[in-house]
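K.L.:
Below you'll find data.cif; it's mmCIF, C-alpha atoms.
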```cif
data_start
loop_
_atom_site.label_atom_id
_atom_site.label_comp_id
_atom_site.auth_asym_id
_atom_site.auth_seq_id
_atom_site.Cartn_x
_atom_site.Cartn_y
_atom_site.Cartn_z
CA MET A 9 119.03 120.15 109.69
CA ASP A 10 117.23 116.93 110.71
CA ASP A 11 118.89 113.65 111.67
CA ALA A 12 118.24 112.05 108.30
CA SER A 13 119.90 114.96 106.50
CA LEU A 14 122.96 114.55 108.70
CA LEU A 15 122.98 110.82 108.00
CA MET A 16 122.80 111.50 104.28
CA GLY A 17 126.06 113.39 104.67
CA ARG A 18 127.63 110.13 105.77
CA VAL A 19 125.88 108.12 103.05
CA ARG A 20 127.60 110.42 100.54
CA GLU A 21 130.86 109.14 102.03
CA ARG A 22 129.70 105.55 101.39
CA ASP A 23 129.00 104.86 105.07
CA ALA A 24 126.88 101.68 105.05
CA ALA A 25 125.97 102.02 108.75
CA ALA A 26 124.48 105.46 108.10
CA PHE A 27 122.59 104.05 105.12
CA GLU A 28 121.20 101.26 107.29
CA ALA A 29 119.99 103.82 109.84
CA VAL A 30 118.26 105.77 107.05
CA TYR A 31 116.68 102.53 105.82
CA ASP A 32 115.46 101.60 109.32
CA ALA A 33 113.88 105.02 109.76
CA PHE A 34 112.07 105.18 106.39
CA TYR A 35 111.43 101.70 104.97
CA ARG A 36 107.89 101.54 106.37
CA LEU A 37 107.05 104.84 104.68
CA VAL A 38 108.53 103.80 101.32
CA TYR A 39 106.99 100.33 101.34
CA GLY A 40 103.66 101.71 102.57
CA ILE A 41 103.39 104.21 99.70
CA ALA A 42 104.49 101.56 97.20
CA VAL A 43 102.01 98.91 98.29
CA ARG A 44 99.17 101.41 98.50
CA MET A 45 99.83 102.68 94.97
CA LEU A 46 100.69 99.39 93.28
CA GLY A 47 98.39 97.10 95.28
CA ASP A 48 100.93 94.30 95.08
CA THR A 49 103.42 93.33 97.79
CA MET A 50 105.99 91.89 95.37
CA ALA A 51 106.01 95.02 93.24
CA ALA A 52 106.13 97.12 96.41
CA GLU A 53 109.22 95.26 97.62
CA ASP A 54 110.89 95.76 94.23
CA LEU A 55 110.09 99.46 94.37
CA THR A 56 111.37 99.77 97.94
CA GLN A 57 114.65 98.20 96.90
CA ALA A 58 114.91 100.51 93.88
CA VAL A 59 114.28 103.63 95.95
CA PHE A 60 116.86 102.76 98.60
CA LEU A 61 119.41 101.78 95.97
CA LYS A 62 118.92 105.24 94.51
CA VAL A 63 119.53 106.73 97.96
CA TRP A 64 122.74 104.70 98.18
CA SER A 65 124.02 105.16 94.64
CA SER A 66 122.94 108.79 94.12
CA PRO A 67 122.85 110.41 97.57
CA GLY A 68 123.53 113.76 95.90
CA ALA A 69 120.00 113.65 94.45
CA PHE A 70 118.82 114.70 97.91
CA ALA A 71 119.64 118.38 97.86
CA GLY A 72 118.49 119.18 101.40
CA GLY A 73 115.17 119.98 103.02
CA ASN A 74 113.00 117.40 104.73
CA PHE A 75 114.29 113.94 103.88
CA GLY A 76 110.98 112.22 104.64
CA ALA A 77 109.11 114.45 102.21
CA TRP A 78 111.82 113.95 99.60
CA ILE A 79 111.90 110.17 99.76
CA ALA A 80 108.08 110.05 99.75
CA ARG A 81 107.99 112.06 96.50
CA VAL A 82 110.72 109.91 94.96
CA THR A 83 108.74 106.80 95.89
CA ARG A 84 105.49 108.14 94.50
CA ASN A 85 107.14 109.21 91.24
CA ARG A 86 108.74 105.76 90.87
CA ALA A 87 105.38 104.12 91.53
CA LEU A 88 103.87 106.31 88.80
CA ASP A 89 106.60 105.00 86.46
CA VAL A 90 105.53 101.45 87.27
CA LEU A 91 101.88 102.31 86.67
CA ARG A 92 102.84 103.92 83.34
CA SER A 93 104.64 100.75 82.32
CA ARG A 94 101.60 98.61 83.01
CA SER A 95 99.73 98.20 79.77
CA SER A 96 96.35 98.35 81.51
CA ARG A 97 96.74 102.09 82.05
CA ALA A 98 96.21 104.49 79.18
CA GLU A 99 98.86 107.23 79.03
CA GLY A 100 96.41 110.04 79.75
CA GLU A 101 95.29 108.39 82.99
CA ILE A 102 98.67 108.80 84.68
CA PRO A 103 99.45 112.24 86.08
CA ALA A 104 102.69 114.19 85.81
CA ASP A 105 105.44 113.63 88.39
CA VAL A 106 105.62 116.03 91.29
CA PRO A 107 109.14 117.45 91.49
CA ALA A 108 111.05 115.77 94.30
CA ASP A 109 112.50 119.12 95.29
CA GLY A 110 110.35 122.13 95.78
CA GLU A 111 108.62 124.43 98.19
CA LEU A 112 107.57 122.83 101.42
CA ASP A 113 106.59 124.24 104.79
CA GLU A 114 109.31 122.43 106.70
CA ALA A 115 108.15 123.70 110.08
CA VAL A 116 104.78 121.99 109.73
CA PHE A 117 105.92 118.87 107.91
CA ALA A 118 108.76 118.04 110.28
CA GLN A 119 106.35 117.63 113.20
CA LEU A 120 103.89 115.35 111.42
CA ASP A 121 103.56 111.59 111.70
CA GLY A 122 101.32 108.97 110.17
CA GLN A 123 98.84 108.93 113.02
CA ARG A 124 98.23 112.69 112.85
CA VAL A 125 97.72 112.57 109.09
CA ARG A 126 95.39 109.55 109.22
CA SER A 127 93.37 111.28 111.91
CA ALA A 128 93.19 114.55 109.96
CA LEU A 129 92.24 112.65 106.81
CA ALA A 130 89.44 110.89 108.67
CA HIS A 131 87.94 114.28 109.50
CA LEU A 132 87.41 115.11 105.83
CA PRO A 133 83.98 114.49 104.33
CA ASP A 134 84.00 111.43 102.03
CA GLU A 135 83.31 113.62 98.99
CA GLN A 136 86.65 115.40 99.58
CA ARG A 137 88.69 112.51 100.99
CA LEU A 138 87.89 110.08 98.17
CA PRO A 139 89.17 112.21 95.24
CA ILE A 140 92.24 113.17 97.26
CA GLU A 141 93.09 109.53 98.03
CA LEU A 142 92.37 108.48 94.45
CA GLY A 143 94.59 111.23 93.10
CA PHE A 144 97.49 110.67 95.48
CA PHE A 145 97.53 106.91 96.00
CA GLY A 146 95.55 105.81 92.95
CA GLY A 147 98.00 107.66 90.73
CA ILE A 148 95.29 108.85 88.36
CA THR A 149 94.45 112.26 86.92
CA HIS A 150 91.56 114.49 87.96
CA GLU A 151 89.78 113.53 84.72
CA GLU A 152 89.98 109.85 85.59
CA ILE A 153 88.79 110.60 89.13
CA ALA A 154 85.79 112.42 87.66
CA LYS A 155 84.98 109.40 85.48
CA ARG A 156 85.35 106.85 88.24
CA THR A 157 83.28 108.79 90.74
CA ALA A 158 80.74 109.98 88.16
CA THR A 159 81.33 113.57 89.27
CA PRO A 160 81.72 116.65 87.04
CA LEU A 161 85.38 117.56 86.51
CA GLY A 162 84.98 121.05 87.96
CA THR A 163 83.41 119.62 91.10
CA VAL A 164 86.28 117.16 91.53
CA LYS A 165 88.84 119.99 91.32
CA THR A 166 86.91 122.16 93.76
CA ARG A 167 86.58 119.29 96.23
CA ILE A 168 90.27 118.47 96.01
CA ARG A 169 91.16 122.07 96.78
CA ALA A 170 88.66 122.33 99.64
CA GLY A 171 89.87 118.99 101.02
CA LEU A 172 93.56 119.92 100.91
CA LYS A 173 92.85 123.26 102.59
CA LYS A 174 90.89 121.55 105.33
CA LEU A 175 93.58 118.91 105.69
CA ARG A 176 96.23 121.59 106.12
CA PHE A 177 94.05 123.34 108.68
CA GLU A 178 93.48 120.09 110.59
CA LEU A 179 97.19 119.23 110.54
CA GLU A 180 98.18 122.64 111.85
CA GLY A 181 95.46 122.37 114.48
CA SER A 182 96.81 119.01 115.61
CA LEU A 183 100.21 120.62 116.21
CA ALA A 184 98.86 123.58 118.17
CA MET B 16 98.25 132.00 80.62
CA ASN B 17 98.99 135.51 81.78
CA GLY B 18 97.44 137.36 84.71
CA HIS B 19 95.63 135.70 87.57
CA ASP B 20 92.19 134.14 87.52
CA ASP B 21 90.75 132.51 90.65
CA ALA B 22 89.48 129.64 88.51
CA TRP B 23 93.09 128.42 88.25
CA LEU B 24 93.38 127.91 91.98
CA ASP B 25 91.45 124.64 91.73
CA SER B 26 93.97 123.42 89.14
CA VAL B 27 96.80 124.50 91.45
CA ALA B 28 95.35 122.20 94.14
CA VAL B 29 95.24 119.31 91.65
CA LEU B 30 98.85 120.06 90.69
CA ALA B 31 99.91 120.03 94.36
CA LEU B 32 98.18 116.67 94.78
CA GLY B 33 100.04 115.32 91.75
CA ALA B 34 96.89 114.49 89.78
CA LEU B 35 97.23 116.88 86.86
CA PRO B 36 98.07 115.47 83.39
CA GLU B 37 101.53 116.34 82.07
CA ASN B 38 100.39 118.91 79.48
CA GLU B 39 98.23 120.84 81.97
CA ALA B 40 100.92 120.60 84.66
CA ARG B 41 103.49 122.10 82.27
CA ASP B 42 101.23 125.03 81.35
CA LEU B 43 100.31 125.73 84.95
CA ARG B 44 103.93 125.66 86.12
CA THR B 45 104.76 128.19 83.42
CA HIS B 46 101.90 130.41 84.59
CA MET B 47 103.02 130.12 88.21
CA LEU B 48 106.40 131.60 87.36
CA ASP B 49 104.64 134.96 86.95
CA CYS B 50 101.69 134.53 89.34
CA GLU B 51 102.44 135.02 93.01
CA ILE B 52 98.87 134.20 94.09
CA CYS B 53 99.01 130.75 92.48
CA ARG B 54 102.54 130.18 93.80
CA ASN B 55 101.43 130.95 97.34
CA GLU B 56 98.41 128.70 96.99
CA TYR B 57 100.64 125.89 95.73
CA ALA B 58 103.04 126.30 98.65
CA GLU B 59 100.15 126.22 101.12
CA LEU B 60 98.55 123.09 99.69
CA ARG B 61 101.79 121.29 98.91
CA VAL B 62 102.49 120.50 102.56
CA ALA B 63 99.05 118.91 102.95
CA ALA B 64 99.56 116.86 99.77
CA ASP B 65 103.05 115.77 100.82
CA ALA B 66 101.78 114.83 104.26
CA LEU B 67 99.36 112.34 102.67
CA ALA B 68 102.31 110.03 102.11
CA LEU B 69 102.78 109.70 105.86
CA ALA B 70 99.31 108.18 106.13
CA ALA B 71 100.51 105.23 104.07
CA GLU B 72 103.36 104.26 106.42
CA ALA B 73 103.13 100.49 106.79
CA THR B 74 102.31 99.17 110.25
CA PRO B 75 104.12 96.17 111.77
CA GLN B 76 101.04 94.12 110.84
CA GLU B 77 101.35 95.15 107.20
CA LEU B 78 105.11 94.72 107.05
CA GLY B 79 106.55 92.66 109.84
CA GLY B 80 108.34 89.50 110.81
CA ALA B 81 109.84 87.45 108.04
CA GLN B 82 108.83 89.79 105.22
CA CYS B 83 110.42 92.75 106.99
CA ALA B 84 113.67 90.86 107.61
CA ARG B 85 113.74 89.50 104.06
CA LEU B 86 113.22 92.94 102.54
CA LYS B 87 115.97 94.49 104.61
CA ALA B 88 118.38 91.67 103.78
CA ARG B 89 117.55 92.09 100.12
CA VAL B 90 118.22 95.85 100.16
CA MET B 91 121.41 95.56 102.22
CA ASP B 92 122.67 92.77 99.95
CA ALA B 93 122.06 94.96 96.91
CA VAL B 94 123.90 97.82 98.58
CA GLU B 95 126.79 95.56 99.51
CA THR B 96 127.02 94.40 95.90
CA ASP B 97 126.94 97.99 94.70
CA ARG B 98 129.44 99.14 97.29
CA GLY B 99 132.59 100.26 95.60
CA PRO B 100 135.94 100.88 97.20
CA ALA B 101 135.47 103.06 100.26
CA ALA B 102 136.31 106.71 99.76
CA ALA B 103 139.11 108.09 101.85
CA PRO B 104 137.69 109.51 105.07
CA SER B 105 137.34 113.26 104.83
CA ASP B 106 138.85 113.79 108.25
CA SER B 107 141.81 111.49 107.65
CA ARG B 108 144.85 112.69 109.51
CA VAL B 109 147.28 110.37 107.82
CA VAL B 110 149.91 112.51 106.12
CA PRO B 111 151.82 110.76 103.36
CA MET B 112 155.49 110.52 104.14
CA ARG B 113 157.83 112.26 101.78
CA SER B 114 161.14 110.82 100.72
CA ARG B 115 163.96 112.47 102.53
CA GLY B 116 166.26 114.68 100.52
CA THR B 117 169.85 115.70 101.23
CA ALA B 118 170.06 117.71 104.45
CA ARG B 119 170.94 121.33 103.81
CA VAL B 120 171.03 124.29 106.08
CA TRP B 121 169.25 127.35 104.71
CA LEU B 122 169.11 129.51 107.78
CA PRO B 123 167.57 132.60 106.13
CA TYR B 124 164.58 130.51 105.10
CA ALA B 125 164.31 128.43 108.25
CA ALA B 126 162.27 131.02 110.15
CA ILE B 127 159.88 131.49 107.22
CA ALA B 128 159.53 127.74 106.83
CA ALA B 129 158.86 127.38 110.54
CA SER B 130 156.21 130.10 110.38
CA LEU B 131 154.56 128.40 107.43
CA ILE B 132 154.58 125.06 109.23
CA ILE B 133 153.01 126.64 112.34
CA ALA B 134 150.38 128.44 110.25
CA THR B 135 149.64 125.28 108.27
CA PHE B 136 149.44 123.22 111.45
CA THR B 137 147.10 125.78 113.07
CA GLY B 138 144.86 125.78 110.01
CA TYR B 139 144.99 122.02 109.79
CA SER B 140 144.09 121.71 113.47
CA ALA B 141 141.09 123.99 113.00
CA TYR B 142 140.05 121.98 109.96
CA THR B 143 140.39 118.63 111.70
CA THR B 144 138.55 119.92 114.81
CA HIS B 145 135.72 121.10 112.57
CA ALA B 146 135.72 117.75 110.76
CA GLU B 147 135.73 115.90 114.09
CA ASN B 148 132.75 117.95 115.26
CA ASP B 149 130.88 117.13 112.07
CA ALA B 150 131.75 113.45 112.41
CA ASN B 151 130.63 113.44 116.05
CA ARG B 152 127.34 115.15 115.21
CA GLN B 153 126.74 112.66 112.44
CA GLN B 154 127.58 109.77 114.77
CA ILE B 155 125.10 111.12 117.33
CA ALA B 156 122.48 111.52 114.61
CA LEU B 157 123.11 107.94 113.52
CA LEU B 158 122.61 106.63 117.04
CA GLN B 159 119.59 108.87 117.60
CA ALA B 160 117.95 107.67 114.39
CA ARG B 161 118.44 104.05 115.49
CA VAL B 162 116.99 104.77 118.91
CA ASP B 163 114.03 106.59 117.31
CA ALA B 164 113.37 103.69 114.93
CA GLN B 165 113.52 101.19 117.79
CA GLU B 166 111.22 103.33 119.92
CA ARG B 167 108.73 103.60 117.08
CA ALA B 168 108.81 99.83 116.54
CA ALA B 169 108.35 99.23 120.29
CA GLU B 170 105.49 101.73 120.41
CA ASN B 171 103.75 100.03 117.49
CA ALA B 172 104.22 96.62 119.12
CA ARG B 173 102.82 97.91 122.44
CA ALA B 174 99.81 99.42 120.67
CA GLU B 175 99.14 96.16 118.83
CA LEU B 176 99.49 94.16 122.03
CA ALA B 177 97.07 96.46 123.84
CA LEU B 178 94.61 96.16 120.97
CA ASN B 179 94.81 92.37 120.97
CA GLN B 180 94.42 92.27 124.75
CA SER B 181 91.30 94.38 124.41
CA ARG B 182 89.99 92.01 121.73
CA LEU B 183 90.77 88.96 123.85
CA ALA B 184 88.97 90.56 126.79
CA ASP B 185 85.93 90.98 124.57
CA LEU B 186 86.07 87.34 123.54
CA ILE B 187 85.61 86.14 127.11
CA ALA B 188 83.59 89.07 128.46
CA PRO B 189 80.46 88.09 130.42
CA GLY B 190 77.44 88.78 128.24
CA SER B 191 79.28 88.26 124.97
CA THR B 192 77.56 86.01 122.45
CA GLN B 193 79.53 83.48 120.46
CA PHE B 194 78.57 82.11 117.07
CA ALA B 195 80.53 79.05 115.96
CA VAL B 196 81.94 79.13 112.44
CA GLN B 197 84.34 77.02 110.44
CA ASN B 198 87.79 77.26 112.08
CA GLY B 199 86.63 79.49 114.91
CA VAL B 200 84.04 81.79 116.32
CA VAL B 201 82.32 85.13 115.71
CA VAL B 202 81.81 87.07 118.94
CA ARG B 203 79.39 89.90 119.58
CA SER B 204 80.46 91.81 122.66
CA GLY B 205 78.52 94.96 123.39
CA ASP B 206 78.63 96.99 120.21
CA ARG B 207 81.70 95.23 118.83
CA VAL B 208 82.01 92.20 116.58
CA LEU B 209 85.16 90.11 116.47
CA ILE B 210 86.19 87.14 114.41
CA ALA B 211 88.65 84.67 115.97
CA LEU B 212 89.90 81.99 113.61
CA ARG B 213 92.61 79.37 113.97
CA ARG B 214 94.38 76.89 111.71
CA LEU B 215 93.66 79.07 108.72
CA PRO B 216 95.39 77.79 105.59
CA THR B 217 98.23 79.96 104.33
CA LEU B 218 97.09 81.80 101.24
CA PRO B 219 99.01 82.07 97.98
CA LYS B 220 100.83 85.33 97.24
CA GLY B 221 98.44 88.12 96.33
CA LYS B 222 95.48 86.68 98.27
CA VAL B 223 93.99 87.77 101.59
CA TYR B 224 91.01 86.89 103.71
CA GLN B 225 88.22 89.46 103.63
CA ALA B 226 85.34 89.88 106.05
CA TRP B 227 81.86 90.89 104.86
CA THR B 228 78.89 92.20 106.77
CA LEU B 229 75.23 92.03 105.86
CA ARG B 230 73.46 95.04 107.33
CA ARG B 231 69.95 94.65 108.64
CA GLY B 232 67.48 95.11 105.80
CA ALA B 233 70.20 95.03 103.13
CA LYS B 234 70.15 92.57 100.25
CA ALA B 235 73.86 92.56 99.50
CA VAL B 236 76.92 92.24 101.73
CA THR B 237 79.22 95.19 102.43
CA PRO B 238 83.02 94.77 102.21
CA SER B 239 84.78 94.93 105.57
CA VAL B 240 88.42 94.47 106.61
CA THR B 241 91.00 92.25 104.92
CA PHE B 242 93.41 90.22 106.98
CA VAL B 243 96.03 87.49 106.92
CA PRO B 244 96.64 84.98 109.71
CA ASP B 245 99.88 84.99 111.67
CA ALA B 246 102.54 82.32 111.23
CA THR B 247 100.54 79.88 113.39
CA GLY B 248 97.36 80.30 111.33
CA LEU B 249 95.66 82.48 113.95
CA ALA B 250 93.65 85.61 113.13
CA LEU B 251 91.86 87.90 115.57
CA VAL B 252 89.95 90.60 113.74
CA GLU B 253 87.61 93.34 114.90
CA LEU B 254 85.04 94.50 112.36
CA PRO B 255 84.51 98.24 112.07
CA GLY B 256 80.95 99.41 112.65
CA SER B 257 78.22 98.82 115.17
CA ALA B 258 77.26 95.24 116.00
CA ALA B 259 73.62 96.29 116.23
CA THR B 260 73.54 97.03 112.50
CA PHE B 261 74.90 93.62 111.41
CA ALA B 262 72.52 90.80 110.47
CA ALA B 263 75.27 88.41 109.34
CA VAL B 264 79.03 88.11 108.90
CA ALA B 265 81.00 86.23 106.25
CA VAL B 266 84.62 85.62 105.26
CA SER B 267 86.03 84.78 101.85
CA VAL B 268 89.38 84.69 100.07
CA GLU B 269 89.96 87.74 97.87
CA PRO B 270 92.74 89.42 95.90
CA GLU B 271 95.10 91.58 97.96
CA GLY B 272 93.57 94.98 98.60
CA GLY B 273 90.10 93.45 98.93
CA SER B 274 87.09 93.30 96.63
CA LYS B 275 83.91 95.32 96.39
CA ALA B 276 81.85 92.11 96.18
CA PRO B 277 82.87 88.51 96.99
CA THR B 278 84.72 86.82 94.14
CA SER B 279 84.99 83.39 95.77
CA LYS B 280 82.78 81.02 97.71
CA PRO B 281 82.70 82.24 101.34
CA ASN B 282 84.54 80.21 104.00
CA PHE B 283 81.47 80.81 106.10
CA VAL B 284 78.33 82.96 106.33
CA ARG B 285 77.06 83.36 109.89
CA PRO B 286 73.77 85.07 110.83
CA LEU B 287 74.18 86.92 114.13
CA SER B 288 70.95 85.75 115.66
#
```
What do you get writing this file as structure tokens?

P.N.:
Amino acid sequence: MDDASLLMGRVRERDAAAFEAVYDAFYRLVYGIAVRMLGDTMAAEDLTQAVFLKVWSSPGAFAGGNFGAWIARVTRNRALDVLRSRSSRAEGEIPADVPADGELDEAVFAQLDGQRVRSALAHLPDEQRLPIELGFFGGITHEEIAKRTATPLGTVKTRIRAGLKKLRFELEGSLA
Amino acid sequence: MNGHDDAWLDSVAVLALGALPENEARDLRTHMLDCEICRNEYAELRVAADALALAAEATPQELGGAQCARLKARVMDAVETDRGPAAAPSDSRVVPMRSRGTARVWLPYAAIAASLIIATFTGYSAYTTHAENDANRQQIALLQARVDAQERAAENARAELALNQSRLADLIAPGSTQFAVQNGVVVRSGDRVLIALRRLPTLPKGKVYQAWTLRRGAKAVTPSVTFVPDATGLALVELPGSAATFAAVAVSVEPEGGSKAPTSKPNFVRPLS
């Protein structure tokens, strides 16, 4: 069990000091995802507050596993909600939520940090990195990615898969 | 969707990334219940997709100083407002006192009662020791998390300081060439180009400064980095790319996140020759 998971045990008991420690450890991640997806610092601050209030008011929503991965998924799903609510986005452009709980290779994820991921991402060819970044941070579907990059849909899907496989390989290599 | 087809593996990757529309995601999840190959592929790619979030972690330059303090105060205030009456501590050892009854002597039951008290006390002791261990571990984790967060902040600050020192060294390096611009200077030092500006006006919310480069032989400028000055109006920015390829540098005010082409009159356009 990682430190954050232990701290969440105390947050369940309404321990504000434990909550503050969780906030200090993860606010840069939450805000960073929010501002990258929403492109607006005010909206990103609102989202950060909403995510941490959820951590405080519903700590039971975290059912174990890697807390960083969990709070990142919660943040991304909340950002997708905001994008859905913006009238400029057609419904079909916004992808489905990724479940906040689910399979995850904890052993690999627990050792990762932002620098390793940015470095691994930089090793991807642009044709793979771009659709991956558009899909994850742009919050759009593969069909929208295909339109925006003027690339056939099948090619976009193949590049996303090849890019994620290479990213996983690079990340594991960086830990070796 | 029954049985496996390799063509679905590409869709599994899109699902792991979180870029599949709801209807397709629902169908694929149903298929994956019965398809081990797709499930394994999903598990393999999911860690890479989840890790992408880490790349977005805001740096102290992106979220620092007053904004950082304001955001934390805002969240902690909201939590304080939401904070209900504290739950009783799980390891509380306060035993409610019972009202005393009339003293009676029931010798046949005294030994049994004593045994029960001892057994209860032993069990209670084990429970409280376990609870104390949990509490201690959590306290250690709390302190460790704070230390880790402080170390990360210090490491980021050290890295930024080292970077700025390197940039400052370039500004005054022998052989560097300086090109005066409004509010500052553009410096070409070796293969690097830096922009040092002072007394920059504070921009309204949602606006940033953006640098542009004109590559040799190109007819249009290429977007470069966005930046905001510090509290004193100072900005020291290094442009990515090789100085040898730049014919000119410009800066304009753009919407946050940057633009693909300038949307406002440039603060300056400076040929590097």

K.L.:
Might you pull out every residue within 9 Å of Phe34 (chain A), with all atoms listed in the file counted and same-chain residues fewer than 4 positions away left off, and present them as an NGL selection string?

P.N.:
(:A and (29-30 or 38-39 or 76 or 79)) or (:B and (72 or 164))

K.L.:
Quick one: which chain B residues come within 7 Å of chain A, and what is the nearest atom pair for each with the distance in Å to one decimal, counting all atoms listed in the file, rows ordered by chain and ascending number, as a tab-separated table?

P.N.:
```
residue	atom	partner	partner_atom	distance
B:Asp25	CA	A:Lys165	CA	5.3
B:Ser26	CA	A:Lys165	CA	6.5
B:Ala28	CA	A:Arg169	CA	5.0
B:Val29	CA	A:Lys165	CA	6.4
B:Leu32	CA	A:Phe144	CA	6.1
B:Gly33	CA	A:Val106	CA	5.6
B:Ala34	CA	A:Thr149	CA	4.4
B:Leu35	CA	A:Pro103	CA	5.2
B:Pro36	CA	A:Pro103	CA	4.4
B:Glu37	CA	A:Ala104	CA	4.5
B:Ala40	CA	A:Ala104	CA	6.7
B:Ala58	CA	A:Glu111	CA	5.9
B:Leu60	CA	A:Leu172	CA	6.0
B:Arg61	CA	A:Leu112	CA	6.5
B:Val62	CA	A:Leu112	CA	5.7
B:Ala63	CA	A:Arg176	CA	5.0
B:Ala64	CA	A:Leu172	CA	6.8
B:Asp65	CA	A:Ala77	CA	6.4
B:Ala66	CA	A:Val125	CA	6.7
B:Leu67	CA	A:Val125	CA	6.6
B:Ala68	CA	A:Ala80	CA	6.2
B:Leu69	CA	A:Gly122	CA	4.6
B:Ala70	CA	A:Gly122	CA	4.6
B:Ala71	CA	A:Gly40	CA	5.0
B:Glu72	CA	A:Leu37	CA	4.1
B:Ala73	CA	A:Gly40	CA	4.4
B:Leu86	CA	A:Glu53	CA	6.8
B:Val90	CA	A:Gln57	CA	5.4
B:Val94	CA	A:Leu61	CA	6.5
B:Ala101	CA	A:Arg22	CA	6.4
B:Ala102	CA	A:Glu21	CA	6.4
B:Gln153	CA	A:Leu14	CA	5.6
B:Ala156	CA	A:Asp11	CA	5.1
B:Leu157	CA	A:Ala26	CA	6.1
B:Ala160	CA	A:Ala29	CA	6.3
B:Arg161	CA	A:Ala29	CA	5.9
B:Ala164	CA	A:Ala33	CA	5.4
B:Gly221	CA	A:Asp48	CA	6.8
B:Glu271	CA	A:Gly47	CA	7.0
B:Gly272	CA	A:Gly47	CA	6.2
```

K.L.:
Starting from the PyMOL selection byres ((chain B and resi 223) around 7), expand the selection into actual residues of this file and give them as a ChimeraX atom specification.

P.N.:
/B:218,221-222,224-225,241-243,268-271

K.L.:
Between A:Arg92, A:Val19, A:Arg137, A:Ala52, single out the one closest to Ala69 (chain A), counting only C-alpha atoms.

P.N.:
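Under the stated criterion, the closest residue is A:Val19.
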
K.L.:
Just give me the gap between CA of Ala88 (chain B) and CA of Leu55 (chain A) in Å, one decimal is fine.

P.N.:
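CA of Ala88 (chain B) sits 14.8 Å away from CA of Leu55 (chain A).
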
K.L.:
One decimal, Å: what's the distance from CA of Ala93 (chain B) over to CA of Gly68 (chain A), could you say?

P.N.:
18.9 Å

K.L.:
Report as a VMD selection string all protein, DNA and RNA residues lying within 12 Å of Ser191 (chain B), evaluated on only C-alpha atoms, omitting residues in the same chain fewer than 3 positions from it.

P.N.:
chain B and resid 182 to 188 194 200 to 209 258

K.L.:
Quote the spacing between CA of Ala22 (chain B) and CA of Thr45 (chain B) in Å to one decimal place.

P.N.:
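Straight-line distance from CA of Ala22 (chain B) to CA of Thr45 (chain B) works out to 16.2 Å.
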